[in-house]
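run22.txt (compact mmCIF, N, CA and C atoms)
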# COMPACT_ATOMS: atom_id res chain seq x y z
N VAL A 120 6.01 27.76 16.55
CA VAL A 120 7.08 28.72 16.29
C VAL A 120 7.79 28.31 15.01
N GLN A 121 7.73 29.17 14.01
CA GLN A 121 8.31 28.83 12.72
C GLN A 121 9.10 29.98 12.13
N LEU A 122 10.10 29.59 11.36
CA LEU A 122 10.86 30.54 10.56
C LEU A 122 10.72 30.11 9.11
N GLN A 123 10.32 31.02 8.25
CA GLN A 123 10.10 30.71 6.85
C GLN A 123 11.07 31.50 6.00
N ALA A 124 12.03 30.79 5.39
CA ALA A 124 13.02 31.44 4.53
C ALA A 124 12.55 31.42 3.08
N SER A 125 12.89 32.48 2.36
CA SER A 125 12.52 32.57 0.96
C SER A 125 13.51 33.47 0.24
N GLY A 126 13.41 33.49 -1.10
CA GLY A 126 14.23 34.40 -1.88
C GLY A 126 15.39 33.75 -2.62
N GLY A 127 15.60 32.47 -2.39
CA GLY A 127 16.68 31.80 -3.09
C GLY A 127 16.37 31.63 -4.57
N GLY A 128 17.37 31.18 -5.30
CA GLY A 128 17.17 30.98 -6.72
C GLY A 128 18.48 30.77 -7.45
N LEU A 129 18.41 30.85 -8.76
CA LEU A 129 19.57 30.68 -9.62
C LEU A 129 20.00 32.05 -10.13
N VAL A 130 21.27 32.35 -9.97
CA VAL A 130 21.79 33.65 -10.38
C VAL A 130 23.18 33.46 -10.96
N GLN A 131 23.57 34.34 -11.87
CA GLN A 131 24.90 34.26 -12.44
C GLN A 131 25.94 34.87 -11.52
N THR A 132 27.16 34.48 -11.72
CA THR A 132 28.28 35.05 -10.96
C THR A 132 28.24 36.58 -11.07
N GLY A 133 28.39 37.23 -9.93
CA GLY A 133 28.34 38.68 -9.89
C GLY A 133 26.96 39.24 -9.64
N GLY A 134 25.98 38.41 -9.67
CA GLY A 134 24.60 38.84 -9.46
C GLY A 134 24.25 39.01 -7.99
N SER A 135 22.98 39.31 -7.76
CA SER A 135 22.50 39.58 -6.40
C SER A 135 21.22 38.82 -6.10
N LEU A 136 21.03 38.53 -4.84
CA LEU A 136 19.79 37.95 -4.35
C LEU A 136 19.52 38.53 -2.97
N ARG A 137 18.24 38.57 -2.61
CA ARG A 137 17.87 39.01 -1.27
C ARG A 137 17.04 37.91 -0.63
N LEU A 138 17.57 37.35 0.44
CA LEU A 138 16.85 36.33 1.19
C LEU A 138 16.03 37.00 2.29
N SER A 139 14.89 36.40 2.57
CA SER A 139 14.04 36.87 3.66
C SER A 139 13.73 35.71 4.59
N CYS A 140 13.52 36.03 5.84
CA CYS A 140 13.15 35.01 6.82
C CYS A 140 12.08 35.61 7.72
N ALA A 141 10.88 35.11 7.58
CA ALA A 141 9.75 35.61 8.36
C ALA A 141 9.49 34.70 9.55
N ALA A 142 9.31 35.31 10.70
CA ALA A 142 9.04 34.55 11.92
C ALA A 142 7.55 34.56 12.22
N SER A 143 7.07 33.45 12.77
CA SER A 143 5.64 33.34 13.03
C SER A 143 5.22 34.03 14.30
N SER A 144 6.20 34.34 15.14
CA SER A 144 5.88 34.91 16.44
C SER A 144 6.63 36.21 16.66
N ARG A 145 5.92 37.19 17.21
CA ARG A 145 6.56 38.47 17.51
C ARG A 145 7.63 38.32 18.59
N THR A 146 7.59 37.21 19.32
CA THR A 146 8.60 36.95 20.35
C THR A 146 10.00 36.98 19.75
N PHE A 147 10.10 36.56 18.46
CA PHE A 147 11.41 36.50 17.83
C PHE A 147 12.03 37.86 17.62
N SER A 148 11.24 38.91 17.75
CA SER A 148 11.81 40.25 17.56
C SER A 148 12.84 40.57 18.65
N THR A 149 12.82 39.79 19.75
CA THR A 149 13.77 40.03 20.83
C THR A 149 14.96 39.09 20.75
N TYR A 150 15.03 38.28 19.72
CA TYR A 150 16.11 37.30 19.59
C TYR A 150 17.14 37.74 18.55
N SER A 151 18.37 37.38 18.78
CA SER A 151 19.37 37.51 17.73
C SER A 151 18.99 36.57 16.59
N LYS A 152 19.33 36.95 15.37
CA LYS A 152 19.03 36.14 14.20
C LYS A 152 20.33 35.86 13.44
N GLY A 153 20.35 34.73 12.78
CA GLY A 153 21.53 34.38 12.01
C GLY A 153 21.17 33.72 10.70
N TRP A 154 22.11 33.76 9.80
CA TRP A 154 22.03 33.01 8.54
C TRP A 154 23.21 32.05 8.50
N PHE A 155 22.92 30.82 8.14
CA PHE A 155 23.92 29.79 7.94
C PHE A 155 23.74 29.23 6.53
N ARG A 156 24.72 28.50 6.05
CA ARG A 156 24.57 27.86 4.75
C ARG A 156 25.25 26.50 4.77
N GLN A 157 24.77 25.64 3.90
CA GLN A 157 25.32 24.29 3.81
C GLN A 157 25.42 23.89 2.36
N ALA A 158 26.65 23.68 1.92
CA ALA A 158 26.91 23.22 0.56
C ALA A 158 26.93 21.69 0.56
N PRO A 159 26.71 21.08 -0.59
CA PRO A 159 26.70 19.61 -0.66
C PRO A 159 28.00 19.01 -0.13
N GLY A 160 27.86 18.06 0.76
CA GLY A 160 29.01 17.37 1.31
C GLY A 160 29.77 18.13 2.37
N LYS A 161 29.26 19.29 2.76
CA LYS A 161 29.94 20.10 3.76
C LYS A 161 29.03 20.33 4.97
N GLU A 162 29.66 20.75 6.06
CA GLU A 162 28.89 21.06 7.25
C GLU A 162 28.25 22.43 7.12
N ARG A 163 27.21 22.61 7.90
CA ARG A 163 26.54 23.90 7.92
C ARG A 163 27.48 24.94 8.55
N GLU A 164 27.61 26.07 7.88
CA GLU A 164 28.54 27.09 8.35
C GLU A 164 27.85 28.42 8.57
N PHE A 165 28.40 29.17 9.49
CA PHE A 165 27.89 30.50 9.82
C PHE A 165 28.15 31.47 8.67
N VAL A 166 27.17 32.34 8.41
CA VAL A 166 27.31 33.37 7.39
C VAL A 166 27.24 34.77 8.01
N ALA A 167 26.16 35.04 8.75
CA ALA A 167 25.98 36.38 9.31
C ALA A 167 25.01 36.31 10.47
N ALA A 168 25.10 37.31 11.34
CA ALA A 168 24.19 37.40 12.48
C ALA A 168 23.90 38.86 12.78
N ILE A 169 22.77 39.07 13.44
CA ILE A 169 22.35 40.42 13.81
C ILE A 169 21.68 40.37 15.17
N SER A 170 21.97 41.37 15.98
CA SER A 170 21.37 41.43 17.31
C SER A 170 19.90 41.79 17.22
N TRP A 171 19.18 41.66 18.35
CA TRP A 171 17.74 41.89 18.33
C TRP A 171 17.40 43.33 17.93
N SER A 172 18.27 44.27 18.26
CA SER A 172 18.00 45.67 17.94
C SER A 172 18.48 46.05 16.54
N GLY A 173 19.33 45.19 15.97
CA GLY A 173 19.93 45.51 14.69
C GLY A 173 21.20 46.33 14.83
N GLY A 174 21.57 46.65 16.05
CA GLY A 174 22.72 47.51 16.26
C GLY A 174 24.06 46.82 16.15
N SER A 175 24.03 45.51 16.16
CA SER A 175 25.28 44.75 16.07
C SER A 175 25.14 43.67 15.01
N THR A 176 26.13 43.60 14.14
CA THR A 176 26.14 42.57 13.10
C THR A 176 27.51 41.91 13.06
N HIS A 177 27.53 40.73 12.48
CA HIS A 177 28.78 39.97 12.38
C HIS A 177 28.73 39.11 11.13
N TYR A 178 29.85 39.00 10.42
CA TYR A 178 29.90 38.25 9.18
C TYR A 178 31.11 37.32 9.15
N THR A 179 30.96 36.22 8.47
CA THR A 179 32.12 35.41 8.22
C THR A 179 32.99 36.13 7.20
N ASP A 180 34.28 35.90 7.25
CA ASP A 180 35.20 36.69 6.42
C ASP A 180 34.90 36.61 4.93
N SER A 181 34.47 35.46 4.46
CA SER A 181 34.30 35.27 3.02
C SER A 181 33.15 36.09 2.42
N VAL A 182 32.26 36.63 3.26
CA VAL A 182 31.14 37.40 2.72
C VAL A 182 31.20 38.87 3.10
N LYS A 183 32.18 39.25 3.88
CA LYS A 183 32.29 40.66 4.29
C LYS A 183 32.43 41.56 3.07
N GLY A 184 31.67 42.65 3.08
CA GLY A 184 31.70 43.58 1.97
C GLY A 184 30.78 43.20 0.83
N ARG A 185 30.24 42.00 0.85
CA ARG A 185 29.33 41.54 -0.21
C ARG A 185 27.92 41.29 0.32
N PHE A 186 27.80 40.78 1.52
CA PHE A 186 26.51 40.45 2.12
C PHE A 186 26.17 41.45 3.21
N THR A 187 24.88 41.72 3.35
CA THR A 187 24.40 42.60 4.42
C THR A 187 23.19 41.98 5.08
N ILE A 188 23.27 41.83 6.39
CA ILE A 188 22.13 41.32 7.15
C ILE A 188 21.39 42.50 7.78
N SER A 189 20.08 42.42 7.78
CA SER A 189 19.27 43.47 8.37
C SER A 189 17.98 42.85 8.90
N ARG A 190 17.23 43.63 9.64
CA ARG A 190 15.98 43.10 10.17
C ARG A 190 14.95 44.20 10.31
N ASP A 191 13.70 43.80 10.23
CA ASP A 191 12.57 44.69 10.45
C ASP A 191 11.70 44.03 11.50
N ASN A 192 11.85 44.45 12.74
CA ASN A 192 11.12 43.80 13.82
C ASN A 192 9.61 44.03 13.73
N ALA A 193 9.20 45.10 13.11
CA ALA A 193 7.77 45.35 12.94
C ALA A 193 7.14 44.29 12.03
N LYS A 194 7.96 43.75 11.13
CA LYS A 194 7.49 42.71 10.21
C LYS A 194 7.97 41.32 10.62
N ASN A 195 8.66 41.22 11.75
CA ASN A 195 9.20 39.93 12.21
C ASN A 195 10.04 39.26 11.13
N THR A 196 10.82 40.04 10.42
CA THR A 196 11.56 39.52 9.27
C THR A 196 13.02 39.95 9.33
N VAL A 197 13.88 39.01 8.95
CA VAL A 197 15.30 39.30 8.81
C VAL A 197 15.68 39.07 7.35
N TYR A 198 16.62 39.84 6.85
CA TYR A 198 17.01 39.80 5.45
C TYR A 198 18.50 39.51 5.32
N LEU A 199 18.86 38.96 4.17
CA LEU A 199 20.26 38.81 3.82
C LEU A 199 20.40 39.27 2.36
N GLN A 200 20.95 40.46 2.19
CA GLN A 200 21.22 40.97 0.86
C GLN A 200 22.57 40.44 0.42
N MET A 201 22.58 39.73 -0.70
CA MET A 201 23.81 39.11 -1.19
C MET A 201 24.16 39.71 -2.54
N ASN A 202 25.29 40.37 -2.59
CA ASN A 202 25.77 40.98 -3.83
C ASN A 202 27.08 40.34 -4.26
N SER A 203 27.44 40.57 -5.50
CA SER A 203 28.71 40.04 -6.05
C SER A 203 28.85 38.55 -5.75
N LEU A 204 27.81 37.82 -6.05
CA LEU A 204 27.79 36.40 -5.72
C LEU A 204 28.82 35.62 -6.51
N LYS A 205 29.37 34.62 -5.83
CA LYS A 205 30.39 33.77 -6.41
C LYS A 205 29.88 32.33 -6.42
N SER A 206 30.52 31.49 -7.22
CA SER A 206 30.09 30.09 -7.29
C SER A 206 30.21 29.41 -5.93
N GLU A 207 31.18 29.82 -5.15
CA GLU A 207 31.36 29.21 -3.82
C GLU A 207 30.29 29.61 -2.83
N ASP A 208 29.41 30.53 -3.20
CA ASP A 208 28.27 30.88 -2.34
C ASP A 208 27.11 29.92 -2.54
N THR A 209 27.21 29.04 -3.51
CA THR A 209 26.15 28.07 -3.76
C THR A 209 25.95 27.16 -2.56
N ALA A 210 24.73 27.13 -2.05
CA ALA A 210 24.42 26.35 -0.86
C ALA A 210 22.94 26.49 -0.55
N VAL A 211 22.49 25.70 0.40
CA VAL A 211 21.18 25.92 1.00
C VAL A 211 21.39 26.88 2.16
N TYR A 212 20.64 27.95 2.18
CA TYR A 212 20.77 28.97 3.21
C TYR A 212 19.65 28.80 4.23
N TYR A 213 20.04 28.82 5.50
CA TYR A 213 19.10 28.65 6.60
C TYR A 213 19.11 29.88 7.50
N CYS A 214 17.92 30.32 7.88
CA CYS A 214 17.86 31.35 8.90
C CYS A 214 17.62 30.68 10.25
N ALA A 215 18.06 31.36 11.28
CA ALA A 215 17.95 30.81 12.62
C ALA A 215 17.72 31.91 13.63
N ALA A 216 17.05 31.56 14.69
CA ALA A 216 16.84 32.48 15.80
C ALA A 216 17.59 31.97 17.02
N GLY A 217 18.29 32.89 17.67
CA GLY A 217 19.06 32.50 18.84
C GLY A 217 18.22 32.56 20.10
N SER A 218 18.84 32.93 21.15
CA SER A 218 18.18 33.02 22.45
C SER A 218 18.79 34.19 23.20
N PRO A 219 18.29 34.49 24.38
CA PRO A 219 18.90 35.58 25.14
C PRO A 219 20.39 35.36 25.43
N ARG A 220 20.87 34.12 25.33
CA ARG A 220 22.28 33.85 25.61
C ARG A 220 23.16 33.99 24.37
N THR A 221 22.53 34.11 23.19
CA THR A 221 23.31 34.19 21.96
C THR A 221 23.99 35.55 21.85
N VAL A 222 25.29 35.53 21.62
CA VAL A 222 26.06 36.78 21.54
C VAL A 222 26.55 36.97 20.11
N VAL A 223 26.05 38.00 19.47
CA VAL A 223 26.48 38.32 18.11
C VAL A 223 27.95 38.73 18.13
N GLY A 224 28.71 38.13 17.22
CA GLY A 224 30.14 38.40 17.19
C GLY A 224 30.95 37.37 17.92
N VAL A 225 30.27 36.55 18.69
CA VAL A 225 30.95 35.49 19.46
C VAL A 225 30.41 34.12 19.05
N ASP A 226 29.09 34.00 19.06
CA ASP A 226 28.44 32.72 18.78
C ASP A 226 28.27 32.53 17.28
N VAL A 227 29.05 31.62 16.72
CA VAL A 227 28.98 31.36 15.28
C VAL A 227 28.75 29.89 14.98
N THR A 228 28.35 29.12 15.98
CA THR A 228 28.08 27.71 15.76
C THR A 228 26.58 27.44 15.81
N THR A 229 26.18 26.34 15.19
CA THR A 229 24.76 26.04 15.09
C THR A 229 24.12 25.81 16.45
N ASP A 230 24.87 25.33 17.43
CA ASP A 230 24.26 25.03 18.72
C ASP A 230 23.93 26.29 19.53
N ALA A 231 24.33 27.46 19.03
CA ALA A 231 23.97 28.71 19.70
C ALA A 231 22.61 29.21 19.27
N TYR A 232 22.01 28.54 18.30
CA TYR A 232 20.73 28.96 17.76
C TYR A 232 19.70 27.87 18.00
N ASP A 233 18.53 28.26 18.47
CA ASP A 233 17.53 27.30 18.93
C ASP A 233 16.45 26.99 17.89
N TYR A 234 16.20 27.90 16.98
CA TYR A 234 15.11 27.71 16.03
C TYR A 234 15.64 27.89 14.61
N TRP A 235 15.14 27.04 13.71
CA TRP A 235 15.66 27.01 12.35
C TRP A 235 14.54 27.03 11.33
N GLY A 236 14.81 27.72 10.22
CA GLY A 236 13.91 27.68 9.09
C GLY A 236 14.21 26.47 8.22
N GLN A 237 13.47 26.32 7.13
CA GLN A 237 13.57 25.11 6.32
C GLN A 237 14.66 25.19 5.26
N GLY A 238 15.24 26.36 5.05
CA GLY A 238 16.30 26.49 4.06
C GLY A 238 15.78 26.92 2.70
N THR A 239 16.61 27.67 2.00
CA THR A 239 16.30 28.09 0.64
C THR A 239 17.56 27.95 -0.20
N GLN A 240 17.40 27.37 -1.39
CA GLN A 240 18.55 27.05 -2.24
C GLN A 240 19.03 28.29 -2.99
N VAL A 241 20.33 28.51 -2.92
CA VAL A 241 20.97 29.56 -3.71
C VAL A 241 21.99 28.88 -4.61
N THR A 242 21.86 29.09 -5.91
CA THR A 242 22.78 28.50 -6.87
C THR A 242 23.37 29.61 -7.72
N VAL A 243 24.69 29.69 -7.71
CA VAL A 243 25.40 30.71 -8.48
C VAL A 243 26.13 30.01 -9.62
N SER A 244 25.78 30.36 -10.83
CA SER A 244 26.37 29.72 -11.99
C SER A 244 27.40 30.64 -12.64
N SER A 245 28.43 30.03 -13.16
CA SER A 245 29.50 30.81 -13.79
C SER A 245 29.26 30.95 -15.29
Serialized structure, structure tokens:
Amino acid sequence: VQLQASGGGLVQTGGSLRLSCAASSRTFSTYSKGWFRQAPGKEREFVAAISWSGGSTHYTDSVKGRFTISRDNAKNTVYLQMNSLKSEDTAVYYCAAGSPRTVVGVDVTTDAYDYWGQGTQVTVSS
């Protein structure tokens, strides 16, 4: 069971990136998915989550209106569209899959997610 994150890179302030996270198993199409990020010297923090159907999403306040999480269950892939990027968005971004107990909008800690991708670096330069 694997999650493969991609799409990171170097972008200027105000730019955009689209992260993707592909799951190796179709079983993940029934799981809530989340994106977390970890900046140097900081703990991993919640960014966004989406329910298995895509009908419910949740964002941390600092990315609301700029980031959009979506998923395509036919492709076993979840996306994070990041617009109007700021230097403080610089971090390694991780995708994660929850479990049937994970509640989007409530569960924002790492222990609510059971499976993790390897991370993709996002660097925003000013």
Residue nearest Val197 in chain A - candidates A:Arg137, A:Lys152, A:Lys183, A:Arg145, atoms counted: only C-alpha atoms = A:Lys152
Hey, what's within 10 Å of Asn195 in chain A if we count only C-alpha atoms and toss same-chain stuff fewer than 3 positions away? As a VMD selection string, please?
-> chain A and resid 122 140 to 149 190 to 192
Counting only C-alpha atoms, which of A:Ala216, A:Val225, A:Leu129, A:Ala167 gets nearest to Leu204 in chain A?
->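 Among A:Ala216, A:Val225, A:Leu129, A:Ala167, it is A:Leu129 that comes nearest to Leu204 in chain A.
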Tell me, in Å to one decimal, how far CA of Asp233 in chain A is from atom N of Lys205 in chain A.
-> 28.4 Å
Between CA of Met201 in chain A and atom N of Gly184 in chain A, measure the distance and give it in Å to one decimal.
-> 9.6 Å
How would you write as an MDAnalysis selection string the residues that get within 6.5 Å of (25.3, 30.4, -12.5) in the file's frame, counting all atoms listed in the file?
-> chainID A and resid 129:132 242:245
d(atom N of Val227 in chain A, atom N of Gly134 in chain A) in Å |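 For atom N of Val227 in chain A relative to atom N of Gly134 in chain A, the distance reads 27.4 Å.
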Please, which residues of chain A, numbered as in this document, come out strand (DSSP E or B) from DSSP, as JSON, numbers by chain?
-> {"A": [122, 123, 124, 125, 128, 129, 130, 131, 136, 137, 138, 139, 140, 141, 142, 152, 153, 154, 155, 156, 157, 164, 165, 166, 167, 168, 169, 176, 177, 178, 186, 187, 188, 189, 190, 191, 196, 197, 198, 199, 200, 201, 210, 211, 212, 213, 214, 215, 216, 234, 235, 239, 240, 241, 242, 243, 244]}
Have range 125-146 of chain A completed to N, CA, C and O atoms, please, and pass it along as a short mmCIF file (atom, residue, chain, number, x, y, z; two decimals), keeping the file's coordinate frame.
data_model
loop_
_atom_site.label_atom_id
_atom_site.label_comp_id
_atom_site.auth_asym_id
_atom_site.auth_seq_id
_atom_site.Cartn_x
_atom_site.Cartn_y
_atom_site.Cartn_z
N SER A 125 12.89 32.48 2.36
CA SER A 125 12.52 32.57 0.96
C SER A 125 13.51 33.47 0.24
O SER A 125 14.33 34.14 0.86
N GLY A 126 13.41 33.49 -1.10
CA GLY A 126 14.23 34.40 -1.88
C GLY A 126 15.39 33.75 -2.62
O GLY A 126 16.10 34.42 -3.37
N GLY A 127 15.60 32.47 -2.39
CA GLY A 127 16.68 31.80 -3.09
C GLY A 127 16.37 31.63 -4.57
O GLY A 127 15.26 31.91 -5.02
N GLY A 128 17.37 31.18 -5.30
CA GLY A 128 17.17 30.98 -6.72
C GLY A 128 18.48 30.77 -7.45
O GLY A 128 19.52 30.56 -6.83
N LEU A 129 18.41 30.85 -8.76
CA LEU A 129 19.57 30.68 -9.62
C LEU A 129 20.00 32.05 -10.13
O LEU A 129 19.18 32.82 -10.65
N VAL A 130 21.27 32.35 -9.97
CA VAL A 130 21.79 33.65 -10.38
C VAL A 130 23.18 33.46 -10.96
O VAL A 130 23.89 32.51 -10.60
N GLN A 131 23.57 34.34 -11.87
CA GLN A 131 24.90 34.26 -12.44
C GLN A 131 25.94 34.87 -11.52
O GLN A 131 25.61 35.71 -10.66
N THR A 132 27.16 34.48 -11.72
CA THR A 132 28.28 35.05 -10.96
C THR A 132 28.24 36.58 -11.07
O THR A 132 28.07 37.12 -12.16
N GLY A 133 28.39 37.23 -9.93
CA GLY A 133 28.34 38.68 -9.89
C GLY A 133 26.96 39.24 -9.64
O GLY A 133 26.82 40.45 -9.42
N GLY A 134 25.98 38.41 -9.67
CA GLY A 134 24.60 38.84 -9.46
C GLY A 134 24.25 39.01 -7.99
O GLY A 134 25.10 38.86 -7.11
N SER A 135 22.98 39.31 -7.76
CA SER A 135 22.50 39.58 -6.40
C SER A 135 21.22 38.82 -6.10
O SER A 135 20.43 38.53 -7.01
N LEU A 136 21.03 38.53 -4.84
CA LEU A 136 19.79 37.95 -4.35
C LEU A 136 19.52 38.53 -2.97
O LEU A 136 20.45 38.90 -2.25
N ARG A 137 18.24 38.57 -2.61
CA ARG A 137 17.87 39.01 -1.27
C ARG A 137 17.04 37.91 -0.63
O ARG A 137 15.94 37.59 -1.11
N LEU A 138 17.57 37.35 0.44
CA LEU A 138 16.85 36.33 1.19
C LEU A 138 16.03 37.00 2.29
O LEU A 138 16.45 37.99 2.87
N SER A 139 14.89 36.40 2.57
CA SER A 139 14.04 36.87 3.66
C SER A 139 13.73 35.71 4.59
O SER A 139 13.68 34.56 4.16
N CYS A 140 13.52 36.03 5.84
CA CYS A 140 13.15 35.01 6.82
C CYS A 140 12.08 35.61 7.72
O CYS A 140 12.36 36.52 8.50
N ALA A 141 10.88 35.11 7.58
CA ALA A 141 9.75 35.61 8.36
C ALA A 141 9.49 34.70 9.55
O ALA A 141 9.45 33.48 9.40
N ALA A 142 9.31 35.31 10.70
CA ALA A 142 9.04 34.55 11.92
C ALA A 142 7.55 34.56 12.22
O ALA A 142 6.86 35.54 11.96
N SER A 143 7.07 33.45 12.77
CA SER A 143 5.64 33.34 13.03
C SER A 143 5.22 34.03 14.30
O SER A 143 4.03 34.26 14.52
N SER A 144 6.20 34.34 15.14
CA SER A 144 5.88 34.91 16.44
C SER A 144 6.63 36.21 16.66
O SER A 144 7.80 36.32 16.33
N ARG A 145 5.92 37.19 17.21
CA ARG A 145 6.56 38.47 17.51
C ARG A 145 7.63 38.32 18.59
O ARG A 145 8.49 39.18 18.74
N THR A 146 7.59 37.21 19.32
CA THR A 146 8.60 36.95 20.35
C THR A 146 10.00 36.98 19.75
O THR A 146 10.96 37.38 20.39
#
